[in-house]
Amino acid sequence: MKIKAICAAGALALIMSSPAMAARHYISIVGSSTVYPFATVVAEQFGKTSGFKTPKIESTGSGGGFKLFCGGVGVKFPDISNASRAIKASEMKKCAANGVKEIVEVKIGYDGIVLANAKSGAPLKLSRRDIFLALAKQVPNPAKPGELIDNPYKTWKEVNPSLPNTPIEVLGPPPTSGTRDAFVELAMEKGAKTFDFIKAMKKKDKKTYKKICHTVREDGAYIEAGENDNLIVQKLQANPKSIGIFGFSYLEQNSDVIQGSLIEGKAPTFEAIASGDYPVSRPLFFYVKKAHVDVIPGMKEYLDEFTSEKAWGNDGYLADKGMIPMPNAERSQYKADVKALKTMEMK
């Protein structure tokens, strides 16, 4: 077994050091649209100050990013995948099957998922129960407790009499997006669990429970708006009755034209997300292909830049862009892990 491992490692080194592998002189990054603006700022700073080429970043969504990242080792495949959720066990298995067996996980901070509308309209005051009832494919039948029906609600007022009598029209991310994954888990599932019979289903039939909680309606009330969050902002301005779903940083960057909905009485602010008071918040990550670190120029230096206090610290330039910094101890731990290129255990 040891001989096989040595041979495999030698073959990989040969591939990585070949002229074809060495042909790429820039870092290739894919993944989350939420992490994209933060990674872009770091890449630009890195390009200006390091002497290396500015990394090329593509916004593919977290799921799309992992699909590319896990495709294999070599210049055809990305070096880093940004993600607004943790990598799944199924994705790690796909990576391993394609030779991507050493992955460094880097948590970079926190973000809130906001439901926002144009400032020309009134801000919504929602609960996660309201969100579930407005957007789930199937909802509890108000006439028959314990029974599910196809979502009949057309207006917010039908969901909750205290809400405005405007059509439910929500522009949100597609299934490949980490924002979508986090939204259905943190907002819709939490709202679904306010119904006792759905909550009880988790122990009896986990598959059905997850389907009920995570399946978004497909009758036009929820509109998949792609991975371009800036486009959602533009559409909200054009239609003040629409609601958009995206990361907090886009709200912060466009606060002159859009406003965040209150979720269970909490506004999506930097302070509320940092303290954990805002209920729909999540960690952000990127994942590094260890096999590429010593081959693609500037990889270690890019990691140093991203994990520096001037970037991700409490007063760093990423906080200015709307990212919520991790606590000091957590930053120190991840910085040490990145320095050591500590790889994840395969799930």
# chains A, B, ... in the order shown; residues from 1 in each chain; ligands from 1
>>> residues_around(residues="region 131-142 of chain A", least_positions_apart="4", cutoff="9 Å", atoms="only C-alpha atoms", output="ChimeraX atom specification")
/A:126-127,146-156,158-159,168,170,184,187-192,195,198,212-219,221-222
>>> closest_atom_pairs(of="region 126-239 of chain A", to="region 104-111 of chain A", cutoff="12 Å", atoms="only C-alpha atoms", output="JSON lines")
{"residue": "A:Gly178", "atom": "CA", "partner": "A:Asp111", "partner_atom": "CA", "distance": 11.8}
{"residue": "A:Thr179", "atom": "CA", "partner": "A:Asp111", "partner_atom": "CA", "distance": 10.0}
{"residue": "A:Ala182", "atom": "CA", "partner": "A:Asp111", "partner_atom": "CA", "distance": 10.6}
{"residue": "A:Phe183", "atom": "CA", "partner": "A:Asp111", "partner_atom": "CA", "distance": 11.7}
>>> select_by_dssp(residues="region 42-246 of chain A", states="helix (DSSP H, G or I)", output="PyMOL selection string")
chain A and resi 42-49+62-69+89-97+128-135+156-159+178-192+196-204+206-214+229-238
>>> closest_residue(among="A:Leu318, A:Leu68, A:Val338, A:Met326", to="Gln45 (chain A)", atoms="only C-alpha atoms")
A:Leu318
>>> residues_around(residues="Gly47 (chain A)", least_positions_apart="2", cutoff="12 Å", atoms="only C-alpha atoms", output="ChimeraX atom specification")
/A:26-27,39-45,49-56,297-299,301-302,305
>>> write_last_selection(atoms="C-alpha atoms", output="CSV table (one decimal), in the first residue's frame")
chain,number,residue,atom,x,y,z
A,26,TYR,CA,-3.1,33.0,-12.3
A,27,ILE,CA,-5.4,31.6,-9.5
A,39,ALA,CA,-13.2,37.5,-3.0
A,40,THR,CA,-13.1,40.1,-5.7
A,41,VAL,CA,-11.9,42.8,-3.3
A,42,VAL,CA,-9.2,40.5,-1.9
A,43,ALA,CA,-8.2,39.5,-5.5
A,44,GLU,CA,-7.9,43.1,-6.6
A,45,GLN,CA,-5.9,44.1,-3.5
A,49,THR,CA,0.3,44.7,-4.0
A,50,SER,CA,1.7,41.1,-4.4
A,51,GLY,CA,3.5,41.1,-7.8
A,52,PHE,CA,1.3,38.2,-8.9
A,53,LYS,CA,-1.5,38.2,-11.4
A,54,THR,CA,-5.0,39.1,-10.2
A,55,PRO,CA,-7.0,35.9,-9.7
A,56,LYS,CA,-9.8,35.2,-12.1
A,297,PRO,CA,1.9,31.1,-8.6
A,298,GLY,CA,0.6,33.2,-5.7
A,299,MET,CA,-1.6,30.7,-3.9
A,301,GLU,CA,0.3,34.7,-0.8
A,302,TYR,CA,-3.5,35.0,-1.7
A,305,GLU,CA,-3.9,38.2,2.1
>>> select_by_dssp(residues="region 70-249 of chain A", states="strand (DSSP E)", output="number ranges by chain")
A: 80-83, 103-118, 125-126, 138-140, 148-150, 170-172, 222-224, 243-247
>>> closest_residue(among="A:Gly63, A:Pro37, A:Pro145, A:Pro268", to="Phe197 (chain A)", atoms="only C-alpha atoms")
A:Pro145
>>> atom_distance(atom1="CA of Lys207 (chain A)", atom2="CA of Ser62 (chain A)")
22.8 Å
>>> residues_around(residues="region 225-234 of chain A", least_positions_apart="2", cutoff="7 Å", atoms="only C-alpha atoms", output="PyMOL selection string")
chain A and resi 33+60-61+171-174+223+236-238+244+246
>>> write_last_selection(atoms="C-alpha atoms", output="PDB file, in the first residue's frame")
ATOM      1  CA  SER A  33     -22.318  34.719  -5.657  1.00  0.00           C
ATOM      2  CA  THR A  60     -21.278  30.084 -10.442  1.00  0.00           C
ATOM      3  CA  GLY A  61     -23.181  29.533  -7.197  1.00  0.00           C
ATOM      4  CA  LEU A 171     -37.031  36.968  -6.689  1.00  0.00           C
ATOM      5  CA  GLY A 172     -34.546  34.483  -5.340  1.00  0.00           C
ATOM      6  CA  PRO A 173     -31.548  32.278  -6.077  1.00  0.00           C
ATOM      7  CA  PRO A 174     -31.660  28.984  -8.018  1.00  0.00           C
ATOM      8  CA  ILE A 223     -39.004  33.498  -9.468  1.00  0.00           C
ATOM      9  CA  LEU A 236     -36.715  45.399  -7.143  1.00  0.00           C
ATOM     10  CA  GLN A 237     -36.312  49.029  -8.126  1.00  0.00           C
ATOM     11  CA  ALA A 238     -38.437  48.418 -11.222  1.00  0.00           C
ATOM     12  CA  GLY A 244     -35.643  39.854  -3.305  1.00  0.00           C
ATOM     13  CA  PHE A 246     -29.740  37.768  -1.227  1.00  0.00           C
TER      14      PHE A 246
END
>>> closest_residue(among="A:Met346, A:Pro325, A:Ser332, A:Asp256", to="Pro283 (chain A)", atoms="only C-alpha atoms")
A:Pro325
>>> closest_residue(among="A:Ser120, A:Thr208, A:Ser249, A:Ser177", to="Ala319 (chain A)", atoms="only C-alpha atoms")
A:Ser249
>>> atom_distance(atom1="CA of His292 (chain A)", atom2="CA of Ile103 (chain A)")
10.2 Å
>>> closest_residue(among="A:Met201, A:Ile243, A:Leu262, A:Leu163", to="Ala118 (chain A)", atoms="only C-alpha atoms")
A:Ile243
>>> atom_distance(atom1="CA of Lys266 (chain A)", atom2="CA of Lys157 (chain A)")
20.4 Å
